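data.txt (compact mmCIF, C-alpha atoms)
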# COMPACT_ATOMS: atom_id res chain seq x y z
CA MET E 1 69.13 132.05 106.59
CA MET E 2 72.03 130.25 104.97
CA ARG E 3 72.33 127.20 102.75
CA ILE E 4 74.67 124.46 103.95
CA SER E 5 75.55 121.30 101.99
CA VAL E 6 76.01 118.29 104.19
CA ARG E 7 77.86 115.10 103.25
CA PHE E 8 78.26 111.77 105.01
CA PHE E 9 80.89 109.11 104.45
CA ALA E 10 81.56 105.42 105.14
CA GLY E 11 79.63 103.72 107.96
CA LEU E 12 77.89 106.96 108.84
CA ARG E 13 76.49 107.29 105.32
CA GLU E 14 75.14 103.75 105.58
CA GLN E 15 73.66 104.31 109.06
CA LEU E 16 71.86 107.47 107.94
CA GLU E 17 71.01 105.96 104.54
CA GLN E 18 72.02 109.10 102.68
CA ALA E 19 75.19 110.54 101.19
CA GLU E 20 74.27 114.23 101.13
CA LEU E 21 71.57 116.80 101.83
CA GLU E 22 71.00 120.55 101.83
CA LEU E 23 69.95 122.41 104.97
CA SER E 24 68.70 125.92 105.66
CA LEU E 25 70.00 127.29 108.93
CA PRO E 26 69.98 130.63 110.70
CA ALA E 27 73.04 132.81 110.15
CA ASP E 28 75.91 132.01 112.56
CA ALA E 29 74.78 128.38 113.07
CA THR E 30 77.44 125.94 114.22
CA VAL E 31 78.59 122.53 113.01
CA ALA E 32 76.88 121.04 116.09
CA GLN E 33 73.52 122.47 114.95
CA VAL E 34 73.96 120.92 111.51
CA TRP E 35 74.77 117.59 113.15
CA GLU E 36 71.65 117.73 115.36
CA GLN E 37 69.40 118.42 112.37
CA ALA E 38 71.09 115.94 110.07
CA ALA E 39 71.53 112.96 112.40
CA LYS E 40 68.49 113.55 114.66
CA GLY E 41 70.13 111.61 117.48
CA ALA E 42 70.09 108.40 115.41
CA VAL E 43 73.86 107.87 115.50
CA SER E 44 76.09 106.58 118.26
CA GLY E 45 79.88 106.43 118.37
CA PRO E 46 82.61 108.91 117.52
CA VAL E 47 82.04 111.31 114.62
CA LEU E 48 84.49 113.72 112.99
CA ALA E 49 83.53 116.90 111.14
CA ALA E 50 85.05 118.92 108.30
CA ARG E 51 84.08 122.36 106.97
CA ASN E 52 85.03 123.03 103.36
CA MET E 53 87.33 119.98 103.51
CA GLU E 54 89.23 121.04 106.66
CA TYR E 55 88.78 119.37 110.05
CA VAL E 56 86.78 121.54 112.49
CA ASP E 57 85.38 121.36 116.01
CA PHE E 58 81.64 121.01 116.42
CA SER E 59 81.62 124.53 117.91
CA ALA E 60 82.83 126.08 114.61
CA ARG E 61 80.50 128.66 113.04
CA LEU E 62 79.39 128.35 109.43
CA HIS E 63 78.95 130.67 106.49
CA ASP E 64 76.42 130.62 103.67
CA GLY E 65 77.40 128.03 101.05
CA ASP E 66 79.73 126.01 103.33
CA GLU E 67 80.10 122.27 102.81
CA VAL E 68 80.05 120.31 106.06
CA ALA E 69 81.02 116.65 106.15
CA PHE E 70 80.60 114.08 108.92
CA PHE E 71 82.40 110.76 109.06
CA PRO E 72 83.69 108.05 111.41
CA PRO E 73 87.33 107.85 112.58
CA VAL E 74 89.59 107.28 109.57
CA THR E 75 91.25 103.93 108.82
CA GLY E 76 93.51 104.41 105.78
CA GLY E 77 97.02 103.18 105.13
CA GLY E 78 98.65 99.78 105.29
CA ARG E 79 99.23 97.88 108.49
CA MET N 80 94.43 108.73 94.89
CA LEU N 81 94.67 105.77 92.62
CA ALA N 82 91.54 103.80 91.61
CA GLN N 83 93.53 101.15 89.71
CA PRO N 84 96.17 98.68 90.92
CA LEU N 85 99.23 100.29 92.52
CA ALA N 86 102.64 99.06 91.31
CA PRO N 87 104.87 100.73 93.92
CA TRP N 88 108.29 99.94 92.41
CA GLU N 89 107.24 101.00 88.92
CA CYS N 90 105.75 104.14 90.44
CA LEU N 91 109.04 104.94 92.22
CA ARG N 92 111.10 104.32 89.09
CA ARG N 93 108.91 106.71 87.08
CA HIS N 94 108.99 109.32 89.85
CA GLU N 95 112.80 109.18 90.07
CA GLN N 96 113.15 109.45 86.28
CA ALA N 97 110.80 112.43 86.08
CA ARG N 98 112.22 114.31 89.05
CA ALA N 99 113.86 117.63 88.37
CA GLY N 100 117.33 118.16 89.80
CA GLU N 101 120.78 116.70 89.43
CA PRO N 102 121.56 113.08 90.30
CA GLY N 103 123.75 112.96 93.40
CA GLN N 104 121.59 115.43 95.34
CA PHE N 105 120.27 112.88 97.80
CA GLY N 106 122.02 110.23 99.83
CA ALA N 107 119.04 108.44 101.40
CA THR N 108 115.74 107.04 100.18
CA ALA N 109 113.22 105.50 102.60
CA VAL N 110 110.23 103.62 101.19
CA PHE N 111 107.17 102.20 102.94
CA VAL N 112 104.68 99.99 101.12
CA GLY N 113 101.49 98.91 102.90
CA THR N 114 99.86 95.77 101.51
CA MET N 115 96.43 94.22 102.04
CA ARG N 116 96.42 91.22 104.39
CA ASP N 117 94.04 88.27 104.12
CA PHE N 118 93.26 88.27 107.86
CA ASN N 119 92.13 90.77 110.50
CA GLN N 120 90.95 90.25 114.07
CA GLY N 121 91.02 86.48 113.57
CA ASP N 122 88.83 86.47 110.44
CA ALA N 123 89.72 85.65 106.84
CA VAL N 124 89.32 88.75 104.68
CA SER N 125 88.64 88.16 100.97
CA GLY N 126 88.46 91.78 99.80
CA LEU N 127 88.63 95.38 100.91
CA PHE N 128 86.83 98.50 99.70
CA LEU N 129 88.60 101.81 100.35
CA GLU N 130 86.37 104.87 100.44
CA HIS N 131 87.69 108.44 100.40
CA TYR N 132 86.44 112.03 100.39
CA PRO N 133 87.40 113.32 96.92
CA GLY N 134 89.11 116.66 97.34
CA MET N 135 89.71 116.52 101.07
CA THR N 136 91.79 113.33 100.98
CA GLU N 137 94.14 114.74 98.31
CA ARG N 138 94.41 118.02 100.20
CA CYS N 139 95.24 116.18 103.40
CA LEU N 140 98.02 114.11 101.78
CA GLU N 141 99.52 117.25 100.20
CA ALA N 142 99.50 118.96 103.60
CA ILE N 143 101.29 115.98 105.16
CA GLU N 144 104.06 116.16 102.53
CA GLN N 145 104.33 119.91 103.02
CA ARG N 146 104.55 119.66 106.81
CA ALA N 147 107.18 116.91 106.55
CA GLY N 148 109.20 119.21 104.28
CA GLU N 149 109.06 121.94 106.92
CA ARG N 150 110.06 119.62 109.75
CA TRP N 151 112.90 117.73 108.03
CA GLU N 152 115.31 118.68 105.29
CA LEU N 153 113.98 116.61 102.42
CA THR N 154 114.97 116.50 98.78
CA ASP N 155 111.63 115.05 97.71
CA SER N 156 108.67 112.96 98.90
CA LEU N 157 105.86 110.94 97.39
CA ILE N 158 102.56 109.52 98.71
CA VAL N 159 100.31 107.32 96.57
CA HIS N 160 97.18 105.76 98.11
CA ARG N 161 94.75 103.28 96.60
CA VAL N 162 90.98 103.72 96.69
CA GLY N 163 88.23 101.38 95.47
CA GLN N 164 88.23 97.59 95.46
CA LEU N 165 91.34 95.72 96.64
CA HIS N 166 92.27 92.06 97.06
CA PRO N 167 94.73 90.36 99.44
CA GLY N 168 98.31 91.08 98.40
CA ASP N 169 97.41 94.36 96.65
CA PRO N 170 99.58 97.32 97.65
CA ILE N 171 97.45 99.95 99.47
CA VAL N 172 99.88 102.78 100.05
CA LEU N 173 103.33 103.98 99.02
CA VAL N 174 105.26 106.56 101.05
CA ALA N 175 108.74 107.51 99.85
CA VAL N 176 111.17 110.14 101.11
CA TRP N 177 114.47 111.33 99.64
CA SER N 178 116.96 113.28 101.75
CA THR N 179 120.64 113.98 102.21
CA HIS N 180 121.03 111.71 105.25
CA ARG N 181 119.20 108.59 106.45
CA ARG N 182 117.88 110.09 109.68
CA ALA N 183 115.54 112.55 107.94
CA ALA N 184 114.43 109.89 105.43
CA PHE N 185 113.57 107.31 108.12
CA GLU N 186 111.95 109.77 110.52
CA ALA N 187 109.94 111.68 107.91
CA SER N 188 108.61 108.56 106.16
CA ARG N 189 107.49 107.07 109.48
CA TRP N 190 105.85 110.33 110.54
CA MET N 191 104.10 110.75 107.18
CA MET N 192 102.70 107.22 107.37
CA GLU N 193 101.37 107.74 110.91
CA GLU N 194 99.89 111.14 109.99
CA LEU N 195 98.20 109.61 106.97
CA LYS N 196 96.69 106.84 109.06
CA SER N 197 95.37 109.16 111.73
CA ASN N 198 94.21 112.10 109.57
CA ALA N 199 93.56 111.31 105.91
CA PRO N 200 89.84 110.73 105.24
CA LEU N 201 90.00 107.10 104.12
CA TRP N 202 87.81 104.25 105.33
CA LYS N 203 88.23 100.51 104.92
CA LYS N 204 85.34 98.07 104.53
CA GLU N 205 86.36 94.44 104.79
CA GLN N 206 84.64 91.63 102.91
CA LEU N 207 84.38 88.43 104.95
CA ALA N 208 82.71 85.04 104.34
CA GLN N 209 79.76 86.15 106.52
CA GLY N 210 79.31 89.64 105.02
CA SER N 211 81.18 92.93 105.26
CA ARG N 212 82.22 95.28 108.06
CA TRP N 213 83.81 98.71 108.43
CA VAL N 214 87.24 98.71 110.07
CA GLU N 215 86.71 100.78 113.22
CA LYS N 216 90.24 101.62 114.26
CA ASN N 217 93.84 101.39 113.19
CA THR N 218 96.51 99.20 114.69
CA PRO N 219 99.04 101.35 116.57
CA GLY N 220 102.19 102.15 114.55
CA TYR N 221 104.56 102.93 117.42
Full structure transcribed into structure tokens:
Amino acid sequence: MMRISVRFFAGLREQLEQAELELSLPADATVAQVWEQAAKGAVSGPVLAARNMEYVDFSARLHDGDEVAFFPPVTGGGR
Amino acid sequence: MLAQPLAPWECLRRHEQARAGEPGQFGATAVFVGTMRDFNQGDAVSGLFLEHYPGMTERCLEAIEQRAGERWELTDSLIVHRVGQLHPGDPIVLVAVWSTHRRAAFEASRWMMEELKSNAPLWKKEQLAQGSRWVEKNTPGY
């Protein structure tokens, strides 16, 4: 098993009513598996993922101690 | 990332004074300043909260500057982005590029701004008379 820290930002954090959690997952689990466990199908709309602060696909595999973040499309900058 | 008011022209003056290198090295400076509006999608907006992902946002902005430096011949570049609570008229973002000729300065600053908007983990929450809402997408830049 491996320990994964999960973080949520912006509207997604509010929808899920939590900013972070820790999950135990089998070795070689993917970002998609983390998302299934963390969101439990309660979220609609586009979601982006990062592993250790780099964008990744949901098919990316994880390692023990990785930080995975989920968030909505970004909206920074001026107009 | 700047959690206090951004004074873009003061920021530029300090950056130019502190920069290493001889004066006369660059012939072009392009500057973009994004400022908070008091309207969006037909509604009056009284305030804006900018959330970021500490660590990843900084890393992303550094990568944008680095990639711009690989793509164009630049003397220097600077990105400063606000986070936290903003009010209408407050500067949100400063992107500045110094280069030998204007083409690289114009093109790189535009590209950096568009990259920032589409990739940097930053989220805007608008405060309206009837409550608040997350901005769901950016206006197109091109």
Point to revise | Residues of chain N within 9 Å of chain E, counting only C-alpha atoms, as an MDAnalysis selection string | key: chainID N and resid 112:116 129:132 134:136 138:139 160:161 170:173 192:193 195:204 212:220
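In this structure, atom CA of Glu22 of chain E sits 9.3 Å away from atom CA of Glu67 of chain E.
Here atom CA of His94 of chain N is placed at a distance of 19.5 Å from atom CA of Ala183 of chain N.
Around the point (75.1, 126.8, 111.0), within 10 Å and counting only C-alpha atoms, we find these residues: Met1, Met2, Arg3, Ile4, Leu23, Ser24, Leu25, Pro26, Ala27, Asp28, Ala29, Thr30, Val31, Ala32, Gln33, Val34, Trp35, Ser59, Ala60, Arg61, Leu62, His63, Asp64, Asp66 and Val68 of chain E.
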Excluding Gly210 of chain N and its own-chain neighbours fewer than 6 positions away, which residues fall within 12 Å of it when counting only C-alpha atoms? Please give them as a tab-separated table (two decimals) with C-alpha atoms, keeping the file's coordinate frame.
chain	number	residue	atom	x	y	z
N	122	ASP	CA	88.83	86.47	110.44
N	123	ALA	CA	89.72	85.65	106.84
N	124	VAL	CA	89.32	88.75	104.68
N	125	SER	CA	88.64	88.16	100.97
N	126	GLY	CA	88.46	91.78	99.80
N	127	LEU	CA	88.63	95.38	100.91
N	204	LYS	CA	85.34	98.07	104.53
Repaired coordinates for segment 182-215 of chain N (N, CA and C atoms) as a PDB file, in the coordinates of the input:
ATOM      1  N   ARG N 182     118.742 109.769 108.536  1.00  0.00           N
ATOM      2  CA  ARG N 182     117.880 110.090 109.680  1.00  0.00           C
ATOM      3  C   ARG N 182     116.584 110.783 109.247  1.00  0.00           C
ATOM      4  N   ALA N 183     116.729 111.817 108.405  1.00  0.00           N
ATOM      5  CA  ALA N 183     115.540 112.550 107.940  1.00  0.00           C
ATOM      6  C   ALA N 183     114.635 111.633 107.121  1.00  0.00           C
ATOM      7  N   ALA N 184     115.231 110.762 106.296  1.00  0.00           N
ATOM      8  CA  ALA N 184     114.430 109.890 105.430  1.00  0.00           C
ATOM      9  C   ALA N 184     113.608 108.907 106.271  1.00  0.00           C
ATOM     10  N   PHE N 185     114.276 108.259 107.257  1.00  0.00           N
ATOM     11  CA  PHE N 185     113.570 107.310 108.120  1.00  0.00           C
ATOM     12  C   PHE N 185     112.500 108.013 108.942  1.00  0.00           C
ATOM     13  N   GLU N 186     112.886 109.094 109.608  1.00  0.00           N
ATOM     14  CA  GLU N 186     111.950 109.770 110.520  1.00  0.00           C
ATOM     15  C   GLU N 186     110.759 110.362 109.765  1.00  0.00           C
ATOM     16  N   ALA N 187     111.031 111.023 108.646  1.00  0.00           N
ATOM     17  CA  ALA N 187     109.940 111.680 107.910  1.00  0.00           C
ATOM     18  C   ALA N 187     108.982 110.652 107.309  1.00  0.00           C
ATOM     19  N   SER N 188     109.509 109.540 106.790  1.00  0.00           N
ATOM     20  CA  SER N 188     108.610 108.560 106.160  1.00  0.00           C
ATOM     21  C   SER N 188     107.715 107.923 107.219  1.00  0.00           C
ATOM     22  N   ARG N 189     108.277 107.645 108.389  1.00  0.00           N
ATOM     23  CA  ARG N 189     107.490 107.070 109.480  1.00  0.00           C
ATOM     24  C   ARG N 189     106.397 108.046 109.927  1.00  0.00           C
ATOM     25  N   TRP N 190     106.796 109.299 110.097  1.00  0.00           N
ATOM     26  CA  TRP N 190     105.850 110.330 110.540  1.00  0.00           C
ATOM     27  C   TRP N 190     104.745 110.520 109.508  1.00  0.00           C
ATOM     28  N   MET N 191     105.103 110.558 108.239  1.00  0.00           N
ATOM     29  CA  MET N 191     104.100 110.750 107.180  1.00  0.00           C
ATOM     30  C   MET N 191     103.091 109.608 107.174  1.00  0.00           C
ATOM     31  N   MET N 192     103.588 108.387 107.363  1.00  0.00           N
ATOM     32  CA  MET N 192     102.700 107.220 107.370  1.00  0.00           C
ATOM     33  C   MET N 192     101.731 107.286 108.550  1.00  0.00           C
ATOM     34  N   GLU N 193     102.238 107.659 109.724  1.00  0.00           N
ATOM     35  CA  GLU N 193     101.370 107.740 110.910  1.00  0.00           C
ATOM     36  C   GLU N 193     100.369 108.882 110.778  1.00  0.00           C
ATOM     37  N   GLU N 194     100.797 110.004 110.223  1.00  0.00           N
ATOM     38  CA  GLU N 194      99.890 111.140 109.990  1.00  0.00           C
ATOM     39  C   GLU N 194      98.773 110.749 109.033  1.00  0.00           C
ATOM     40  N   LEU N 195      99.173 110.063 107.973  1.00  0.00           N
ATOM     41  CA  LEU N 195      98.200 109.610 106.970  1.00  0.00           C
ATOM     42  C   LEU N 195      97.141 108.727 107.629  1.00  0.00           C
ATOM     43  N   LYS N 196      97.618 107.781 108.438  1.00  0.00           N
ATOM     44  CA  LYS N 196      96.690 106.840 109.060  1.00  0.00           C
ATOM     45  C   LYS N 196      95.754 107.529 110.039  1.00  0.00           C
ATOM     46  N   SER N 197      96.257 108.555 110.741  1.00  0.00           N
ATOM     47  CA  SER N 197      95.370 109.160 111.730  1.00  0.00           C
ATOM     48  C   SER N 197      94.561 110.343 111.204  1.00  0.00           C
ATOM     49  N   ASN N 198      94.935 110.908 110.050  1.00  0.00           N
ATOM     50  CA  ASN N 198      94.210 112.100 109.570  1.00  0.00           C
ATOM     51  C   ASN N 198      93.561 112.014 108.206  1.00  0.00           C
ATOM     52  N   ALA N 199      94.117 111.263 107.277  1.00  0.00           N
ATOM     53  CA  ALA N 199      93.560 111.310 105.910  1.00  0.00           C
ATOM     54  C   ALA N 199      92.192 110.636 105.872  1.00  0.00           C
ATOM     55  N   PRO N 200      91.188 111.313 105.295  1.00  0.00           N
ATOM     56  CA  PRO N 200      89.840 110.730 105.240  1.00  0.00           C
ATOM     57  C   PRO N 200      89.780 109.531 104.287  1.00  0.00           C
ATOM     58  N   LEU N 201      90.038 108.371 104.838  1.00  0.00           N
ATOM     59  CA  LEU N 201      90.000 107.100 104.120  1.00  0.00           C
ATOM     60  C   LEU N 201      89.361 106.079 105.046  1.00  0.00           C
ATOM     61  N   TRP N 202      88.501 105.234 104.491  1.00  0.00           N
ATOM     62  CA  TRP N 202      87.810 104.250 105.330  1.00  0.00           C
ATOM     63  C   TRP N 202      87.828 102.895 104.642  1.00  0.00           C
ATOM     64  N   LYS N 203      88.139 101.868 105.458  1.00  0.00           N
ATOM     65  CA  LYS N 203      88.230 100.510 104.920  1.00  0.00           C
ATOM     66  C   LYS N 203      86.987  99.702 105.277  1.00  0.00           C
ATOM     67  N   LYS N 204      86.427  99.026 104.271  1.00  0.00           N
ATOM     68  CA  LYS N 204      85.340  98.070 104.530  1.00  0.00           C
ATOM     69  C   LYS N 204      85.815  96.688 104.093  1.00  0.00           C
ATOM     70  N   GLU N 205      85.848  95.781 105.063  1.00  0.00           N
ATOM     71  CA  GLU N 205      86.360  94.440 104.790  1.00  0.00           C
ATOM     72  C   GLU N 205      85.245  93.513 104.328  1.00  0.00           C
ATOM     73  N   GLN N 206      85.579  92.658 103.357  1.00  0.00           N
ATOM     74  CA  GLN N 206      84.640  91.630 102.910  1.00  0.00           C
ATOM     75  C   GLN N 206      85.051  90.290 103.506  1.00  0.00           C
ATOM     76  N   LEU N 207      84.121  89.699 104.267  1.00  0.00           N
ATOM     77  CA  LEU N 207      84.380  88.430 104.950  1.00  0.00           C
ATOM     78  C   LEU N 207      83.406  87.382 104.406  1.00  0.00           C
ATOM     79  N   ALA N 208      83.621  86.117 104.786  1.00  0.00           N
ATOM     80  CA  ALA N 208      82.710  85.040 104.340  1.00  0.00           C
ATOM     81  C   ALA N 208      81.272  85.350 104.766  1.00  0.00           C
ATOM     82  N   GLN N 209      81.108  85.939 105.979  1.00  0.00           N
ATOM     83  CA  GLN N 209      79.760  86.150 106.520  1.00  0.00           C
ATOM     84  C   GLN N 209      79.209  87.559 106.268  1.00  0.00           C
ATOM     85  N   GLY N 210      79.801  88.288 105.322  1.00  0.00           N
ATOM     86  CA  GLY N 210      79.310  89.640 105.020  1.00  0.00           C
ATOM     87  C   GLY N 210      80.444  90.641 105.054  1.00  0.00           C
ATOM     88  N   SER N 211      80.106  91.935 105.230  1.00  0.00           N
ATOM     89  CA  SER N 211      81.180  92.930 105.260  1.00  0.00           C
ATOM     90  C   SER N 211      81.072  93.798 106.502  1.00  0.00           C
ATOM     91  N   ARG N 212      82.205  94.430 106.867  1.00  0.00           N
ATOM     92  CA  ARG N 212      82.220  95.280 108.060  1.00  0.00           C
ATOM     93  C   ARG N 212      83.221  96.416 107.864  1.00  0.00           C
ATOM     94  N   TRP N 213      82.892  97.576 108.441  1.00  0.00           N
ATOM     95  CA  TRP N 213      83.810  98.710 108.430  1.00  0.00           C
ATOM     96  C   TRP N 213      84.897  98.473 109.471  1.00  0.00           C
ATOM     97  N   VAL N 214      86.148  98.760 109.097  1.00  0.00           N
ATOM     98  CA  VAL N 214      87.240  98.710 110.070  1.00  0.00           C
ATOM     99  C   VAL N 214      87.050  99.914 110.985  1.00  0.00           C
ATOM    100  N   GLU N 215      87.043  99.679 112.308  1.00  0.00           N
ATOM    101  CA  GLU N 215      86.710 100.780 113.220  1.00  0.00           C
ATOM    102  C   GLU N 215      87.904 101.541 113.743  1.00  0.00           C
TER     103      GLU N 215
END
